[in-house]
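The structure appears below as structure tokens.
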Amino acid sequence: ETKRRFDEHRLKQVEEQRVGENSGESDESCGELEETDESCEELEETGESSGESDESWGDGGDGRQIGSSSLCSRTGFGNFCSDKKPAAVNWIEGRGKSVVCEAVITEEVVKKVLKTTVPGLVELNMLKNLTGSAIAGSLGGFNAHAANVVSAVFIATGQDPSQNIESSHYITMMEAVNNGKDLHISVIMPSIEVGIVGGGTQLASQSACLNLLGAKGASLKSPGSNARLLATVVAGSMLVGELSSMSAIAAGQLVKSHMKYNISTRDMAAIAGSKS
């Protein structure tokens with residue numbers, strides 16, 4: 001019954017609110033859980049913005065209508081959007097920008113540059129990123145180290161770092177192609193939350209970084225295109241980050257490099273004592 005009411009309301013809202021890009025285009029899927037409660041999901045075009053403030057401002061009227069006569073909720077955010085939280089709805093339906101990035105790495109590059117083999121990478125990805133994550137009951141975590149790269153790009157470009165939670169939902173796929181010689185790698189990221197106006201994007205360093213990427217400021221010719229460009233940068237960064245990390249693990253170099261470069265062998269207590 002709940003699903004039927006959701007579907008009926010969704011069709012009604014699609015017909016009534018299809019008003020075009022940049023003017024609040026939305027199709028809502030809503031279902032009345034009880035007479036006094038309503039849960040909604042809105043799909044909106046927010047241009048170059050990531051959309052949280054736009055959503056809150058635009059839904060002011062809706063928010064005032066949600067609730068009972070004795071206690072009224074005055075917000076358009078009912079947490080069904082699952083902002084800054086891991087949730088199946090974002091993993092399945094997407095949130096923000098949904099991007100697929102893929103590449104074919106030749107056997108020569110895999111051997112000479114990455115110091116490993118195509119079969120070794122394919123097997124490692126299956127055992128670690130797919131099987132291991134599935135056994136753990138992971139939600140959108142079928143990857144090696146999503147949050148590292150997403151957080152770095154977000155901080156550098158003035159995004160909301162806390163939105164790396166849903167933005168780090170992605171799956172890494174690897175398979176042998178071209179008669180098993182070369183490696184095909186792809187990353188599927190269904191919920192990248194990015195914007196290139198407002199917030200931290202106005203800071204000097206972050207603004208300079210966006211300018212370097214060619215994604216600074218709103219595009220007048222194609223609204224939303226710069227935000228989409230930034231989303232592809234995030235996905236591309238993730239692909240090379242996954243390839244590098246997985247290759248280091250497959251080649252047995254990850255722990256060796258950490259031991260050599262990240263763990264100091266010096267007695268810091270003795271050094272501090274000598275300086276005092």
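Ligands are numbered from 1 in the order shown, chains are lettered A, B, ... in the order of the structure tokens, and residues start at 1 in each chain.
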
Give me, as a list in words, all polymer residues having an atom no more than 10 Å from region 121-133 of chain A, counting only C-alpha atoms and skipping those fewer than 6 positions away in the same chain.
Val110, Leu139, Gly140, Gly141, Phe142, Asn143, Ala144, His145, Ile171, Thr172, Met173, Met174, Glu175, Ala176, Leu183, His184, Ile185, Glu242, Leu243, Met246, Ser247, Ala248, Ile249, Ala250 and Ala251 of chain A

For the residues in the current selection, export N, CA, C and O atoms as a compact mmCIF listing (two decimals), in the first residue's frame.
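Result file is again-v6.txt:
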# COMPACT_ATOMS: atom_id res chain seq x y z
N VAL A 110 51.32 -2.07 -16.95
CA VAL A 110 51.07 -2.81 -15.72
C VAL A 110 52.36 -3.44 -15.21
O VAL A 110 52.65 -3.40 -14.01
N LEU A 139 28.29 -0.92 2.77
CA LEU A 139 27.29 -0.19 1.99
C LEU A 139 28.02 0.84 1.12
O LEU A 139 28.43 1.89 1.59
N GLY A 140 28.22 0.48 -0.14
CA GLY A 140 28.89 1.40 -1.05
C GLY A 140 30.40 1.47 -0.86
O GLY A 140 31.04 2.37 -1.40
N GLY A 141 30.96 0.53 -0.12
CA GLY A 141 32.39 0.58 0.16
C GLY A 141 33.19 -0.47 -0.57
O GLY A 141 34.13 -1.05 -0.01
N PHE A 142 32.85 -0.73 -1.80
CA PHE A 142 33.54 -1.77 -2.58
C PHE A 142 34.74 -1.17 -3.30
O PHE A 142 34.80 -1.12 -4.53
N ASN A 143 35.69 -0.69 -2.50
CA ASN A 143 36.86 0.00 -3.04
C ASN A 143 38.00 -0.10 -2.05
O ASN A 143 37.83 -0.61 -0.94
N ALA A 144 39.16 0.40 -2.44
CA ALA A 144 40.34 0.30 -1.59
C ALA A 144 40.45 1.46 -0.59
O ALA A 144 40.67 1.24 0.60
N HIS A 145 40.32 2.68 -1.06
CA HIS A 145 40.52 3.83 -0.15
C HIS A 145 39.83 5.09 -0.67
O HIS A 145 40.45 6.13 -0.86
N ILE A 171 32.18 1.67 -6.36
CA ILE A 171 32.66 0.31 -6.56
C ILE A 171 33.74 0.30 -7.63
O ILE A 171 33.62 0.96 -8.67
N THR A 172 34.82 -0.39 -7.36
CA THR A 172 35.93 -0.53 -8.30
C THR A 172 35.84 -1.89 -9.00
O THR A 172 35.74 -2.92 -8.35
N MET A 173 35.87 -1.86 -10.32
CA MET A 173 35.80 -3.08 -11.11
C MET A 173 37.07 -3.23 -11.94
O MET A 173 37.58 -2.26 -12.49
N MET A 174 37.59 -4.45 -12.02
CA MET A 174 38.76 -4.74 -12.85
C MET A 174 38.53 -6.04 -13.60
O MET A 174 38.01 -7.01 -13.03
N GLU A 175 38.94 -6.07 -14.86
CA GLU A 175 38.85 -7.29 -15.65
C GLU A 175 39.93 -7.29 -16.73
O GLU A 175 40.39 -6.22 -17.16
N ALA A 176 40.33 -8.47 -17.14
CA ALA A 176 41.32 -8.61 -18.20
C ALA A 176 40.61 -8.50 -19.55
O ALA A 176 39.55 -9.09 -19.76
N LEU A 183 44.45 -4.51 -18.89
CA LEU A 183 43.57 -4.36 -17.74
C LEU A 183 42.52 -3.28 -18.02
O LEU A 183 42.85 -2.16 -18.41
N HIS A 184 41.27 -3.63 -17.82
CA HIS A 184 40.19 -2.64 -17.86
C HIS A 184 39.77 -2.35 -16.43
O HIS A 184 39.40 -3.24 -15.67
N ILE A 185 39.85 -1.08 -16.03
CA ILE A 185 39.46 -0.67 -14.68
C ILE A 185 38.38 0.39 -14.78
O ILE A 185 38.44 1.27 -15.65
N GLU A 242 42.90 4.34 -7.01
CA GLU A 242 42.65 2.92 -6.83
C GLU A 242 43.71 2.08 -7.55
O GLU A 242 44.21 1.09 -7.02
N LEU A 243 44.04 2.48 -8.77
CA LEU A 243 45.03 1.73 -9.55
C LEU A 243 46.38 1.73 -8.86
O LEU A 243 47.06 0.71 -8.77
N MET A 246 46.07 -0.37 -5.37
CA MET A 246 45.92 -1.80 -5.60
C MET A 246 47.18 -2.40 -6.20
O MET A 246 47.55 -3.54 -5.89
N SER A 247 47.86 -1.65 -7.05
CA SER A 247 49.11 -2.14 -7.64
C SER A 247 50.19 -2.28 -6.58
O SER A 247 50.97 -3.24 -6.58
N ALA A 248 50.24 -1.30 -5.66
CA ALA A 248 51.23 -1.35 -4.58
C ALA A 248 50.98 -2.56 -3.68
O ALA A 248 51.92 -3.23 -3.24
N ILE A 249 49.71 -2.88 -3.43
CA ILE A 249 49.39 -4.04 -2.60
C ILE A 249 49.75 -5.33 -3.33
O ILE A 249 50.35 -6.24 -2.76
N ALA A 250 49.36 -5.40 -4.62
CA ALA A 250 49.63 -6.61 -5.40
C ALA A 250 51.12 -6.87 -5.55
O ALA A 250 51.57 -8.02 -5.58
N ALA A 251 51.91 -5.79 -5.63
CA ALA A 251 53.36 -5.94 -5.80
C ALA A 251 54.10 -6.07 -4.48
O ALA A 251 55.32 -6.24 -4.45

Report as a list in words all protein, DNA and RNA residues lying within 12 Å of Val89 (chain A), evaluated on only C-alpha atoms, omitting residues in the same chain fewer than 3 positions from it.
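Final neighbour list, sorted by chain and number: Glu41, Asn79, Phe80, Cys81, Ser82, Asp83, Lys85, Pro86, Ile92, Glu93, Gly94, Arg95, Leu139, Gly140, Glu166, His169, Pro190 and Ser191 of chain A.
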
Same residues, N, CA and C atoms, output as a short mmCIF file (atom, residue, chain, number, x, y, z; two decimals), in the first residue's frame:
data_model
loop_
_atom_site.label_atom_id
_atom_site.label_comp_id
_atom_site.auth_asym_id
_atom_site.auth_seq_id
_atom_site.Cartn_x
_atom_site.Cartn_y
_atom_site.Cartn_z
N GLU A 41 11.13 12.64 -1.25
CA GLU A 41 12.42 12.78 -1.91
C GLU A 41 12.22 13.64 -3.14
N ASN A 79 15.67 13.79 6.31
CA ASN A 79 16.72 12.77 6.40
C ASN A 79 16.53 11.60 5.43
N PHE A 80 15.44 11.63 4.64
CA PHE A 80 15.35 10.61 3.59
C PHE A 80 16.40 10.87 2.53
N CYS A 81 16.85 12.13 2.42
CA CYS A 81 17.93 12.47 1.48
C CYS A 81 19.25 11.86 1.95
N SER A 82 19.36 11.61 3.27
CA SER A 82 20.55 10.99 3.85
C SER A 82 21.83 11.76 3.52
N ASP A 83 21.78 13.06 3.71
CA ASP A 83 22.96 13.90 3.51
C ASP A 83 23.98 13.63 4.61
N LYS A 85 25.44 10.96 5.37
CA LYS A 85 25.26 9.67 6.04
C LYS A 85 25.25 8.56 4.99
N PRO A 86 25.81 7.38 5.33
CA PRO A 86 25.73 6.26 4.40
C PRO A 86 24.31 5.73 4.34
N ILE A 92 21.75 3.39 -4.42
CA ILE A 92 20.91 2.83 -5.48
C ILE A 92 20.43 3.91 -6.46
N GLU A 93 19.88 5.00 -5.93
CA GLU A 93 19.26 6.01 -6.78
C GLU A 93 20.19 7.15 -7.15
N GLY A 94 21.29 7.30 -6.42
CA GLY A 94 22.22 8.39 -6.70
C GLY A 94 21.86 9.65 -5.96
N ARG A 95 22.84 10.53 -5.81
CA ARG A 95 22.65 11.84 -5.17
C ARG A 95 23.71 12.77 -5.70
N LEU A 139 28.29 -0.92 2.77
CA LEU A 139 27.29 -0.19 1.99
C LEU A 139 28.02 0.84 1.12
N GLY A 140 28.22 0.48 -0.14
CA GLY A 140 28.89 1.40 -1.05
C GLY A 140 30.40 1.47 -0.86
N GLU A 166 28.86 10.17 1.64
CA GLU A 166 28.11 9.61 0.52
C GLU A 166 28.89 9.68 -0.78
N HIS A 169 30.92 6.61 -1.69
CA HIS A 169 30.23 5.39 -2.12
C HIS A 169 30.64 5.08 -3.55
N PRO A 190 27.97 6.79 -7.66
CA PRO A 190 26.59 7.25 -7.87
C PRO A 190 26.19 8.51 -7.12
N SER A 191 27.00 8.97 -6.16
CA SER A 191 26.53 10.08 -5.32
C SER A 191 27.66 11.05 -4.95
#

Compare A:Ala227, A:Val150, A:Ile155, A:Val113 by their minimum atom-to-atom distance to Gln206 (chain A), counting only C-alpha atoms, and give me the closest one.
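Ranking A:Ala227, A:Val150, A:Ile155, A:Val113 by distance to Gln206 (chain A), first place goes to A:Ile155.
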
Between A:Val194, A:Leu220, A:Val177, A:Val104, single out the one closest to Thr232 (chain A), counting only C-alpha atoms.
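Closest residue, counting only C-alpha atoms: A:Val194.
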
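Relative to CA of Gln202 (chain A), CA of Tyr170 (chain A) is found at 28.2 Å.
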
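Of the listed residues (A:Val234, A:Thr117, A:Ala208, A:Ile165), A:Val234 comes nearest to Val149 (chain A); the distances count only C-alpha atoms.
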
What's the separation between CA of Leu229 (chain A) and CA of Asn164 (chain A), in Å to one decimal place?
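It comes out at 17.3 Å.
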
Which parts of region 95-183 of chain A does DSSP call strand (DSSP E or B) when run on the backbone here, written out as a list in words?
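Result set for region 95-183 of chain A (strand (DSSP E or B)): Lys97, Ser98, Val99, Val100, Cys101, Glu102, Ala103, Val104, Ile105, Gly141, Phe142, Tyr170, Ile171, Thr172, Met173, Met174, Glu175, Ala176, Val177, Asp182 and Leu183 of chain A.
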
Can you tell me, as number ranges by chain, which residues in region 59-216 of chain A count as helix (DSSP H, G or I) by DSSP?
A: 60-65, 88-93, 107-112, 118-135, 146-156, 161-167, 199-202, 204-213

Counting only C-alpha atoms, what is within 10 Å of Glu108 (chain A), bar same-chain residues fewer than 4 positions away, as a ChimeraX atom specification?
/A:112-115,117-118,181-182

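Coordinates place CA of Ala215 (chain A) at a distance of 8.9 Å from CA of Arg228 (chain A).
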
Selection: 12 Å around Ser151 (chain A), only C-alpha atoms, excl. self and same-chain fewer than 5 positions, as a PyMOL selection string
chain A and resi 145-146+156-168+192-194+234+237-238

Expected file: the selected residues, N, CA, C and O atoms, as a PDB file, in the first residue's frame:
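What ended up in again-v9.pdb:
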ATOM      1  N   HIS A 145      40.317   2.681  -1.055  1.00  0.00           N
ATOM      2  CA  HIS A 145      40.523   3.826  -0.146  1.00  0.00           C
ATOM      3  C   HIS A 145      39.834   5.086  -0.666  1.00  0.00           C
ATOM      4  O   HIS A 145      40.451   6.130  -0.858  1.00  0.00           O
ATOM      5  N   ALA A 146      38.535   5.002  -0.856  1.00  0.00           N
ATOM      6  CA  ALA A 146      37.775   6.112  -1.423  1.00  0.00           C
ATOM      7  C   ALA A 146      37.946   7.414  -0.653  1.00  0.00           C
ATOM      8  O   ALA A 146      38.228   8.465  -1.229  1.00  0.00           O
ATOM      9  N   ALA A 156      40.729  20.606  -1.249  1.00  0.00           N
ATOM     10  CA  ALA A 156      41.481  21.446  -2.187  1.00  0.00           C
ATOM     11  C   ALA A 156      40.573  22.339  -3.012  1.00  0.00           C
ATOM     12  O   ALA A 156      40.982  23.428  -3.440  1.00  0.00           O
ATOM     13  N   THR A 157      39.345  21.916  -3.256  1.00  0.00           N
ATOM     14  CA  THR A 157      38.447  22.681  -4.134  1.00  0.00           C
ATOM     15  C   THR A 157      37.300  23.356  -3.384  1.00  0.00           C
ATOM     16  O   THR A 157      36.366  23.866  -4.000  1.00  0.00           O
ATOM     17  N   GLY A 158      37.368  23.373  -2.049  1.00  0.00           N
ATOM     18  CA  GLY A 158      36.388  24.120  -1.270  1.00  0.00           C
ATOM     19  C   GLY A 158      35.047  23.451  -1.098  1.00  0.00           C
ATOM     20  O   GLY A 158      34.034  24.117  -0.865  1.00  0.00           O
ATOM     21  N   GLN A 159      35.000  22.123  -1.158  1.00  0.00           N
ATOM     22  CA  GLN A 159      33.749  21.403  -0.958  1.00  0.00           C
ATOM     23  C   GLN A 159      33.499  21.187   0.533  1.00  0.00           C
ATOM     24  O   GLN A 159      34.327  21.534   1.371  1.00  0.00           O
ATOM     25  N   ASP A 160      32.371  20.617   0.860  1.00  0.00           N
ATOM     26  CA  ASP A 160      32.044  20.271   2.242  1.00  0.00           C
ATOM     27  C   ASP A 160      32.704  18.928   2.555  1.00  0.00           C
ATOM     28  O   ASP A 160      32.258  17.894   2.045  1.00  0.00           O
ATOM     29  N   PRO A 161      33.763  18.910   3.371  1.00  0.00           N
ATOM     30  CA  PRO A 161      34.483  17.651   3.629  1.00  0.00           C
ATOM     31  C   PRO A 161      33.604  16.550   4.212  1.00  0.00           C
ATOM     32  O   PRO A 161      33.850  15.366   3.963  1.00  0.00           O
ATOM     33  N   SER A 162      32.591  16.922   4.968  1.00  0.00           N
ATOM     34  CA  SER A 162      31.753  15.905   5.594  1.00  0.00           C
ATOM     35  C   SER A 162      30.916  15.145   4.569  1.00  0.00           C
ATOM     36  O   SER A 162      30.445  14.040   4.846  1.00  0.00           O
ATOM     37  N   GLN A 163      30.756  15.715   3.381  1.00  0.00           N
ATOM     38  CA  GLN A 163      29.988  15.017   2.351  1.00  0.00           C
ATOM     39  C   GLN A 163      30.818  13.970   1.621  1.00  0.00           C
ATOM     40  O   GLN A 163      30.346  13.350   0.670  1.00  0.00           O
ATOM     41  N   ASN A 164      32.019  13.760   2.104  1.00  0.00           N
ATOM     42  CA  ASN A 164      32.820  12.664   1.560  1.00  0.00           C
ATOM     43  C   ASN A 164      32.196  11.319   1.949  1.00  0.00           C
ATOM     44  O   ASN A 164      32.503  10.297   1.344  1.00  0.00           O
ATOM     45  N   ILE A 165      31.266  11.329   2.906  1.00  0.00           N
ATOM     46  CA  ILE A 165      30.628  10.075   3.325  1.00  0.00           C
ATOM     47  C   ILE A 165      29.855   9.454   2.175  1.00  0.00           C
ATOM     48  O   ILE A 165      30.123   8.332   1.749  1.00  0.00           O
ATOM     49  N   GLU A 166      28.856  10.173   1.641  1.00  0.00           N
ATOM     50  CA  GLU A 166      28.106   9.614   0.519  1.00  0.00           C
ATOM     51  C   GLU A 166      28.891   9.681  -0.785  1.00  0.00           C
ATOM     52  O   GLU A 166      28.709   8.846  -1.674  1.00  0.00           O
ATOM     53  N   SER A 167      29.784  10.670  -0.898  1.00  0.00           N
ATOM     54  CA  SER A 167      30.568  10.802  -2.127  1.00  0.00           C
ATOM     55  C   SER A 167      31.583   9.674  -2.276  1.00  0.00           C
ATOM     56  O   SER A 167      32.036   9.382  -3.383  1.00  0.00           O
ATOM     57  N   SER A 168      31.944   9.049  -1.166  1.00  0.00           N
ATOM     58  CA  SER A 168      32.902   7.935  -1.207  1.00  0.00           C
ATOM     59  C   SER A 168      32.229   6.599  -1.492  1.00  0.00           C
ATOM     60  O   SER A 168      32.892   5.563  -1.507  1.00  0.00           O
ATOM     61  N   ILE A 192      28.221  11.716  -5.951  1.00  0.00           N
ATOM     62  CA  ILE A 192      29.261  12.715  -5.707  1.00  0.00           C
ATOM     63  C   ILE A 192      28.601  14.066  -5.446  1.00  0.00           C
ATOM     64  O   ILE A 192      27.912  14.611  -6.301  1.00  0.00           O
ATOM     65  N   GLU A 193      28.832  14.617  -4.258  1.00  0.00           N
ATOM     66  CA  GLU A 193      28.237  15.899  -3.868  1.00  0.00           C
ATOM     67  C   GLU A 193      29.253  17.019  -4.070  1.00  0.00           C
ATOM     68  O   GLU A 193      30.166  17.193  -3.271  1.00  0.00           O
ATOM     69  N   VAL A 194      29.110  17.782  -5.129  1.00  0.00           N
ATOM     70  CA  VAL A 194      30.040  18.880  -5.399  1.00  0.00           C
ATOM     71  C   VAL A 194      29.283  20.114  -5.887  1.00  0.00           C
ATOM     72  O   VAL A 194      28.186  20.031  -6.424  1.00  0.00           O
ATOM     73  N   VAL A 234      36.863  14.313  -9.705  1.00  0.00           N
ATOM     74  CA  VAL A 234      36.842  13.448  -8.518  1.00  0.00           C
ATOM     75  C   VAL A 234      36.904  11.979  -8.937  1.00  0.00           C
ATOM     76  O   VAL A 234      37.693  11.195  -8.400  1.00  0.00           O
ATOM     77  N   SER A 237      40.311  11.082 -10.395  1.00  0.00           N
ATOM     78  CA  SER A 237      41.294  10.983  -9.309  1.00  0.00           C
ATOM     79  C   SER A 237      41.135   9.671  -8.553  1.00  0.00           C
ATOM     80  O   SER A 237      42.119   9.043  -8.144  1.00  0.00           O
ATOM     81  N   MET A 238      39.877   9.258  -8.392  1.00  0.00           N
ATOM     82  CA  MET A 238      39.620   7.994  -7.702  1.00  0.00           C
ATOM     83  C   MET A 238      40.165   6.821  -8.493  1.00  0.00           C
ATOM     84  O   MET A 238      40.729   5.885  -7.930  1.00  0.00           O
TER      85      MET A 238
END
